[in-house]
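Down below is the structure, laid out as structure tokens.
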Amino acid sequence: MSIENVKAFLGDGVCLLVEPSPSFSASLQSLLAEIGVPLSQVIVSRKYEDALKVVADRKPRLLVTEYDLPNGAGLSLIEQLEQLSEESQRIAIIVTKNSSDSAVAEAAKGAVDAFILKPFSTEVFRAKLLECLARKTQPSDYQKQLSAGRALFNEQKYPESLKAFQRAKPLDPKPSLACFGEGQSYERLEDDEKALAAYREGRKLTPLHYKCLVGEFDLLMKLKRFDEAYQGVPELRDNYPIPPGRLGDLFTAAVFTYHFDDLHRYHEVYLNFDMRSPYLVKMMSVGFMTAGRFYLQRQEVAPALKFFEMGMSVRGREITYLESIFDELMRAGAVKEADTVLNRVLPADVGTKLYNQMRFRMEQRRLPVDQWVERGRRLIQSGEANAEIYRLVVEGLTKMGRATLAESVIAQAVKEDPELRVPLYAILEGKTTEGQGE
Amino acid sequence: MDLFVTRLQATHAPLELTPNGGLEINQFGPQFIEVSLAAPIAVGTLVNLTLELRGGARQPSLDAVGKVTSVTGTRAHVQLRQFDNDVWKDILEKLDTRQEHADKIFKKVKGES
């Protein structure tokens, strides 16, 4: 491969260089020129939005981009280009400061052809570009069939893509990628068992084949065969970095299969991410809540607290989340621990309705009945009571033998929620029939 | 891991070119580095410089004499001349290892190895 090959590949197409740093951009431009890319055919963008427009309008033959861009991601530019041009007609290279394993893995899942770390060695850049070029311009028969299969798959011609991948299999001694393509095609053709068999065949040929492992895991999760899905997780987790997009799936599988002991690992992975999507935050905080609740049901407060702590670190001290933990702990009779949670409410949330409700429930456990009933009535008067507070106040008043007052509280409750009539009267009447009333 | 120039001074002129925090190196080769400078520098200028590899457990540092062999805009190509070969080799190996680690993950996830 030489300068002439680079020029030939580029033809009259363009090279798009997306690099926010002017100095790296200048370095890359001079390197591209040395390798044979005419600068007149290089379009330089510093911003994601501008680059996206170039991708759409010019369909660059060569795209060199940073992984992390202001207001966007290099990967998403490459995904856009993937939709617009054939695999053999484009080269996409990431040149980045982001050296995290998860960034590398995320890039490798998509249509990225090479991943180069900054500062880059001139030789590495040159070698990788020429290597990509050789792959694109002189593919083996196996690679040709794979490309054909992928193109047909992207065009949603699944019976044809299936045949292309099957034709590829005899062309390589370990055709795991063809097995993966076969599995994907079978999935689209809704033949899940054959898809599973294809992924498993790929794994048999290459035991730790990432795409086949993930294909099998995703399919089993889709089929809700969670236990089977989780069996493949240690191989994935112990051999590959977990990118943000994958963590949520592994986490969900662990929760569904009661592998709560594994959750701390995912928590550590989560803490190392630079960016966390709101969906991941929600999924993980709900998962930690489930794990905590599970241990509370077994009356194991210490592990439950550990999971609640992790949940709080993921969700932040959001008051609705703290209230859920508080509620679980109170119901389990872990009053001291619930009080600790109450004390972690952010200063800005102290005095809010939710905070006052939690505080009342704590006082109800600690103060003499007449005092906490009085505080509960104040909450009712200020419109801050919920069903639980009505229930406690009616219970307290009944205990104190003040049935008339309890009845007026019930009347107030029923105005807010008619469905409270039956349970609240049941409390009152239960006590009265036992001869403890006024 | 970042490769920085923490000191860059012309040997025969009062020219101090290193801002606080150092200059980031964009590109390197077996015996050269490329840096972007805020001030102009002439081709042929001899410089005393210190390189530092940051971000690893150890942060090897290399003192060297270099010669500016080309300047394009604000970018200067500096050929390294007198330096401790072992330290420079150590720095290059660390950068290579980091790229090789990324290559390994990349190929495995791609399904190419």
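As shown in the structure tokens, the chain order sets the letters A, B, ...; within each chain, residues go from 1, and ligands are also counted from 1 in the order they appear.
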Requested in this report: Please identify all polymer residues within 7 Å of Val281 (chain A), counting only C-alpha atoms, omitting same-chain residues fewer than 5 positions from it, and present them as a PyMOL selection string.
Outcome: chain A and resi 276+314-315
For chain B versus chain A, which residues have an atom no more than 9 Å away, and what is each residue's nearest atom pair and distance in Å rounded to one decimal, using only C-alpha atoms, chain-then-number order, as a Markdown table?
| residue | atom | partner | partner_atom | distance |
| --- | --- | --- | --- | --- |
| B:Met1 | CA | A:Ser99 | CA | 8.0 |
| B:Asp2 | CA | A:Pro119 | CA | 6.7 |
| B:Leu3 | CA | A:Pro119 | CA | 6.8 |
| B:Glu24 | CA | A:Pro119 | CA | 8.4 |
| B:Ile25 | CA | A:Pro119 | CA | 6.3 |
| B:Asn26 | CA | A:Pro119 | CA | 5.0 |
| B:Gln27 | CA | A:Phe120 | CA | 5.1 |
| B:Phe28 | CA | A:Ser121 | CA | 5.0 |
| B:Gly29 | CA | A:Ser121 | CA | 5.6 |
| B:Pro30 | CA | A:Ser121 | CA | 8.5 |
| B:Glu34 | CA | A:Ser27 | CA | 8.0 |
| B:Val35 | CA | A:Ser23 | CA | 8.1 |
| B:Ser36 | CA | A:Ser23 | CA | 6.0 |
| B:Thr72 | CA | A:Ala26 | CA | 8.8 |
| B:Gly73 | CA | A:Ala26 | CA | 8.7 |
| B:Thr74 | CA | A:Ser23 | CA | 8.0 |
| B:Arg75 | CA | A:Ser23 | CA | 7.3 |
| B:Leu95 | CA | A:Pro119 | CA | 8.4 |
| B:Asp96 | CA | A:Ser121 | CA | 8.6 |
| B:Arg98 | CA | A:Ser99 | CA | 8.1 |
| B:Gln99 | CA | A:Leu117 | CA | 6.3 |
| B:His101 | CA | A:Asp101 | CA | 8.7 |
| B:Ala102 | CA | A:Val104 | CA | 6.3 |
| B:Asp103 | CA | A:Phe115 | CA | 7.2 |
| B:Ile105 | CA | A:Ala105 | CA | 6.4 |
| B:Phe106 | CA | A:Ala108 | CA | 5.2 |
| B:Lys107 | CA | A:Ala108 | CA | 7.4 |
| B:Lys108 | CA | A:Tyr210 | CA | 6.6 |
| B:Val109 | CA | A:Tyr210 | CA | 5.2 |
| B:Lys110 | CA | A:Ala108 | CA | 5.3 |
| B:Gly111 | CA | A:His209 | CA | 6.0 |
| B:Glu112 | CA | A:Leu177 | CA | 7.9 |
| B:Ser113 | CA | A:His209 | CA | 8.2 |
Requested write-out: N, CA and C atoms of the selected residues, as a tab-separated table (two decimals), in the first residue's frame:
chain	number	residue	atom	x	y	z
B	1	MET	N	-3.01	8.93	29.43
B	1	MET	CA	-1.58	9.16	29.42
B	1	MET	C	-1.26	10.29	28.43
B	2	ASP	N	-0.55	11.30	28.88
B	2	ASP	CA	-0.22	12.42	27.99
B	2	ASP	C	1.28	12.67	28.03
B	3	LEU	N	1.79	13.06	26.89
B	3	LEU	CA	3.21	13.39	26.79
B	3	LEU	C	3.32	14.91	26.71
B	24	GLU	N	1.51	20.31	25.21
B	24	GLU	CA	1.10	18.96	24.88
B	24	GLU	C	1.73	18.54	23.55
B	25	ILE	N	2.23	17.32	23.52
B	25	ILE	CA	2.83	16.82	22.27
B	25	ILE	C	1.74	16.14	21.45
B	26	ASN	N	1.65	16.53	20.19
B	26	ASN	CA	0.60	15.98	19.33
B	26	ASN	C	1.04	14.66	18.73
B	27	GLN	N	2.29	14.67	18.26
B	27	GLN	CA	2.76	13.58	17.43
B	27	GLN	C	4.21	13.32	17.79
B	28	PHE	N	4.59	12.07	17.70
B	28	PHE	CA	6.00	11.78	17.99
B	28	PHE	C	6.49	10.66	17.07
B	29	GLY	N	7.79	10.54	17.00
B	29	GLY	CA	8.38	9.46	16.23
B	29	GLY	C	9.59	8.95	16.98
B	30	PRO	N	10.35	8.05	16.38
B	30	PRO	CA	11.47	7.45	17.10
B	30	PRO	C	12.46	8.48	17.64
B	34	GLU	N	6.49	16.67	17.99
B	34	GLU	CA	5.89	17.84	17.35
B	34	GLU	C	5.03	18.56	18.38
B	35	VAL	N	5.29	19.85	18.53
B	35	VAL	CA	4.53	20.63	19.52
B	35	VAL	C	3.98	21.89	18.87
B	36	SER	N	2.93	22.40	19.46
B	36	SER	CA	2.40	23.69	19.01
B	36	SER	C	2.87	24.77	19.98
B	72	THR	N	5.64	24.82	10.85
B	72	THR	CA	4.48	25.07	9.99
B	72	THR	C	3.44	25.77	10.87
B	73	GLY	N	3.20	27.03	10.57
B	73	GLY	CA	2.29	27.79	11.42
B	73	GLY	C	2.88	27.86	12.82
B	74	THR	N	2.13	27.36	13.80
B	74	THR	CA	2.64	27.38	15.17
B	74	THR	C	3.25	26.04	15.56
B	75	ARG	N	3.24	25.10	14.63
B	75	ARG	CA	3.75	23.77	14.95
B	75	ARG	C	5.23	23.65	14.64
B	95	LEU	N	4.00	4.25	25.69
B	95	LEU	CA	2.98	4.72	24.74
B	95	LEU	C	2.58	3.59	23.79
B	96	ASP	N	3.55	2.78	23.39
B	96	ASP	CA	3.26	1.63	22.51
B	96	ASP	C	2.37	0.62	23.22
B	98	ARG	N	0.30	1.10	25.57
B	98	ARG	CA	-1.06	1.63	25.70
B	98	ARG	C	-1.83	1.45	24.38
B	99	GLN	N	-1.16	1.73	23.26
B	99	GLN	CA	-1.82	1.56	21.96
B	99	GLN	C	-2.08	0.07	21.70
B	101	HIS	N	-2.59	-2.25	23.89
B	101	HIS	CA	-3.71	-2.68	24.74
B	101	HIS	C	-5.04	-2.31	24.07
B	102	ALA	N	-5.10	-1.08	23.56
B	102	ALA	CA	-6.33	-0.65	22.86
B	102	ALA	C	-6.57	-1.52	21.62
B	103	ASP	N	-5.50	-1.81	20.88
B	103	ASP	CA	-5.63	-2.64	19.67
B	103	ASP	C	-6.20	-4.02	20.01
B	105	ILE	N	-8.07	-4.96	22.59
B	105	ILE	CA	-9.50	-4.90	22.92
B	105	ILE	C	-10.30	-4.68	21.64
B	106	PHE	N	-9.81	-3.76	20.82
B	106	PHE	CA	-10.52	-3.40	19.59
B	106	PHE	C	-10.72	-4.64	18.71
B	107	LYS	N	-9.65	-5.40	18.52
B	107	LYS	CA	-9.74	-6.57	17.65
B	107	LYS	C	-10.64	-7.65	18.25
B	108	LYS	N	-10.52	-7.83	19.56
B	108	LYS	CA	-11.33	-8.88	20.20
B	108	LYS	C	-12.82	-8.55	20.08
B	109	VAL	N	-13.15	-7.28	20.35
B	109	VAL	CA	-14.57	-6.91	20.29
B	109	VAL	C	-15.07	-6.94	18.85
B	110	LYS	N	-14.22	-6.57	17.93
B	110	LYS	CA	-14.60	-6.64	16.50
B	110	LYS	C	-14.82	-8.09	16.06
B	111	GLY	N	-14.18	-9.00	16.82
B	111	GLY	CA	-14.30	-10.41	16.45
B	111	GLY	C	-13.22	-10.82	15.47
B	112	GLU	N	-12.15	-10.01	15.42
B	112	GLU	CA	-11.09	-10.30	14.46
B	112	GLU	C	-9.97	-11.13	15.06
B	113	SER	N	-10.03	-11.35	16.39
B	113	SER	CA	-8.98	-12.19	16.97
B	113	SER	C	-9.58	-13.13	18.00
Requested in this report: Identify all residues of region 45-87 of chain B in strand (DSSP E or B) (DSSP on the backbone) and supply them as a PyMOL selection string.
Outcome: chain B and resi 46-54+61-72+75-83
Query raised in the report: Quick one: distance from CA of Leu171 (chain A) to CA of Gly202 (chain A) in Å, one decimal?
Result: 14.3 Å
Query raised in the report: Expressed in Å to a single decimal, how great is the separation between CA of Phe307 (chain A) and CA of Ser277 (chain A)?
Result: 20.2 Å
**Report entry** Shell of 12 Å around Ser313 (chain A), only C-alpha atoms, local chain residues under 4 positions omitted, as a ChimeraX atom specification
**Finding:** /A:264,267-268,270-271,281-282,284-285,288-289,306-309,317-318,321-322,344
Query raised in the report: Which residues, written as a PyMOL selection string, have at least one atom at most 9 Å from region 40-49 of chain B, with only C-alpha atoms counted and residues fewer than 4 positions away on the same chain left out?
Result: chain B and resi 5-12+15+62-71+73-74+76-78
Just C-alpha atoms for this one: save the residues we selected as a PDB file, in the first residue's frame.
ATOM      1  CA  VAL B   5       7.054  19.283  27.233  1.00  0.00           C
ATOM      2  CA  THR B   6       7.497  20.851  30.645  1.00  0.00           C
ATOM      3  CA  ARG B   7      10.502  22.981  29.661  1.00  0.00           C
ATOM      4  CA  LEU B   8      11.532  24.338  26.296  1.00  0.00           C
ATOM      5  CA  GLN B   9      14.242  26.991  26.118  1.00  0.00           C
ATOM      6  CA  ALA B  10      16.344  28.171  23.235  1.00  0.00           C
ATOM      7  CA  THR B  11      19.992  27.406  24.080  1.00  0.00           C
ATOM      8  CA  HIS B  12      21.450  30.724  22.865  1.00  0.00           C
ATOM      9  CA  LEU B  15      13.438  32.379  24.751  1.00  0.00           C
ATOM     10  CA  LEU B  62      13.559  13.134  29.886  1.00  0.00           C
ATOM     11  CA  ASP B  63      15.995  16.018  29.482  1.00  0.00           C
ATOM     12  CA  ALA B  64      17.146  16.515  25.935  1.00  0.00           C
ATOM     13  CA  VAL B  65      18.719  18.893  23.498  1.00  0.00           C
ATOM     14  CA  GLY B  66      16.756  19.244  20.282  1.00  0.00           C
ATOM     15  CA  LYS B  67      16.847  21.107  17.007  1.00  0.00           C
ATOM     16  CA  VAL B  68      13.843  22.705  15.368  1.00  0.00           C
ATOM     17  CA  THR B  69      13.863  21.126  11.913  1.00  0.00           C
ATOM     18  CA  SER B  70      10.650  22.534  10.526  1.00  0.00           C
ATOM     19  CA  VAL B  71       7.963  24.991  11.470  1.00  0.00           C
ATOM     20  CA  GLY B  73       2.286  27.786  11.423  1.00  0.00           C
ATOM     21  CA  THR B  74       2.639  27.382  15.171  1.00  0.00           C
ATOM     22  CA  ALA B  76       7.389  22.962  15.446  1.00  0.00           C
ATOM     23  CA  HIS B  77       9.028  19.684  14.548  1.00  0.00           C
ATOM     24  CA  VAL B  78      11.857  19.106  17.007  1.00  0.00           C
TER      25      VAL B  78
END
Query raised in the report: From the list A:Gln184, A:Gln143, A:Ser382, A:Gln297, which residue is nearest Gln156 (chain A) when using only C-alpha atoms?
Result: A:Gln184
Query raised in the report: Running DSSP on the backbone, which parts of chain B land in alpha helix (DSSP H), as a ChimeraX atom specification?
Result: /B:85-110
Could the residues in this selection be written to a file with N, CA and C atoms, as a tab-separated table (two decimals), in the first residue's frame?
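The file below, part_33.tsv, is the result:
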chain	number	residue	atom	x	y	z
B	85	ASN	N	18.95	7.66	26.14
B	85	ASN	CA	18.25	6.73	25.25
B	85	ASN	C	17.30	5.79	25.99
B	86	ASP	N	17.76	5.34	27.18
B	86	ASP	CA	16.94	4.38	27.93
B	86	ASP	C	15.63	5.01	28.39
B	87	VAL	N	15.71	6.26	28.84
B	87	VAL	CA	14.48	6.92	29.32
B	87	VAL	C	13.52	7.15	28.15
B	88	TRP	N	14.06	7.61	27.05
B	88	TRP	CA	13.21	7.84	25.87
B	88	TRP	C	12.57	6.52	25.40
B	89	LYS	N	13.38	5.45	25.44
B	89	LYS	CA	12.86	4.14	25.05
B	89	LYS	C	11.72	3.72	25.99
B	90	ASP	N	11.94	4.00	27.27
B	90	ASP	CA	10.92	3.67	28.28
B	90	ASP	C	9.61	4.42	27.97
B	91	ILE	N	9.73	5.70	27.62
B	91	ILE	CA	8.54	6.50	27.31
B	91	ILE	C	7.84	5.94	26.07
B	92	LEU	N	8.62	5.65	25.04
B	92	LEU	CA	8.02	5.13	23.80
B	92	LEU	C	7.35	3.77	24.04
B	93	GLU	N	8.00	2.95	24.87
B	93	GLU	CA	7.41	1.63	25.16
B	93	GLU	C	6.08	1.76	25.88
B	94	LYS	N	6.04	2.72	26.80
B	94	LYS	CA	4.79	2.91	27.54
B	94	LYS	C	3.67	3.35	26.59
B	95	LEU	N	4.00	4.25	25.69
B	95	LEU	CA	2.98	4.72	24.74
B	95	LEU	C	2.58	3.59	23.79
B	96	ASP	N	3.55	2.78	23.39
B	96	ASP	CA	3.26	1.63	22.51
B	96	ASP	C	2.37	0.62	23.22
B	97	THR	N	2.70	0.36	24.48
B	97	THR	CA	1.93	-0.62	25.25
B	97	THR	C	0.48	-0.19	25.36
B	98	ARG	N	0.30	1.10	25.57
B	98	ARG	CA	-1.06	1.63	25.70
B	98	ARG	C	-1.83	1.45	24.38
B	99	GLN	N	-1.16	1.73	23.26
B	99	GLN	CA	-1.82	1.56	21.96
B	99	GLN	C	-2.08	0.07	21.70
B	100	GLU	N	-1.12	-0.77	22.08
B	100	GLU	CA	-1.29	-2.22	21.84
B	100	GLU	C	-2.47	-2.77	22.66
B	101	HIS	N	-2.59	-2.25	23.89
B	101	HIS	CA	-3.71	-2.68	24.74
B	101	HIS	C	-5.04	-2.31	24.07
B	102	ALA	N	-5.10	-1.08	23.56
B	102	ALA	CA	-6.33	-0.65	22.86
B	102	ALA	C	-6.57	-1.52	21.62
B	103	ASP	N	-5.50	-1.81	20.88
B	103	ASP	CA	-5.63	-2.64	19.67
B	103	ASP	C	-6.20	-4.02	20.01
B	104	LYS	N	-5.70	-4.56	21.12
B	104	LYS	CA	-6.12	-5.91	21.52
B	104	LYS	C	-7.62	-5.93	21.82
B	105	ILE	N	-8.07	-4.96	22.59
B	105	ILE	CA	-9.50	-4.90	22.92
B	105	ILE	C	-10.30	-4.68	21.64
B	106	PHE	N	-9.81	-3.76	20.82
B	106	PHE	CA	-10.52	-3.40	19.59
B	106	PHE	C	-10.72	-4.64	18.71
B	107	LYS	N	-9.65	-5.40	18.52
B	107	LYS	CA	-9.74	-6.57	17.65
B	107	LYS	C	-10.64	-7.65	18.25
B	108	LYS	N	-10.52	-7.83	19.56
B	108	LYS	CA	-11.33	-8.88	20.20
B	108	LYS	C	-12.82	-8.55	20.08
B	109	VAL	N	-13.15	-7.28	20.35
B	109	VAL	CA	-14.57	-6.91	20.29
B	109	VAL	C	-15.07	-6.94	18.85
B	110	LYS	N	-14.22	-6.57	17.93
B	110	LYS	CA	-14.60	-6.64	16.50
B	110	LYS	C	-14.82	-8.09	16.06
Query raised in the report: In Å to one decimal, how far is CA of Leu196 (chain A) from CA of Arg225 (chain A)?
Result: 12.0 Å
**Report entry** Nearby residues (only C-alpha atoms) at most 9 Å from region 363-367 of chain A, same-chain spacing under 4 positions excluded, as a ChimeraX atom specification
**Finding:** /A:335,358-359,371-373,375-376,392
Store the residues picked out above, limited to C-alpha atoms, as a compact mmCIF listing (two decimals), in the first residue's frame.
# COMPACT_ATOMS: atom_id res chain seq x y z
CA VAL A 335 -35.82 2.88 62.68
CA MET A 358 -40.78 11.41 56.78
CA ARG A 359 -39.94 13.43 59.85
CA GLN A 371 -47.23 14.75 70.97
CA TRP A 372 -46.87 12.93 67.67
CA VAL A 373 -50.64 12.91 67.12
CA ARG A 375 -47.83 17.03 65.00
CA GLY A 376 -49.71 14.75 62.62
CA LEU A 392 -51.26 6.85 61.94
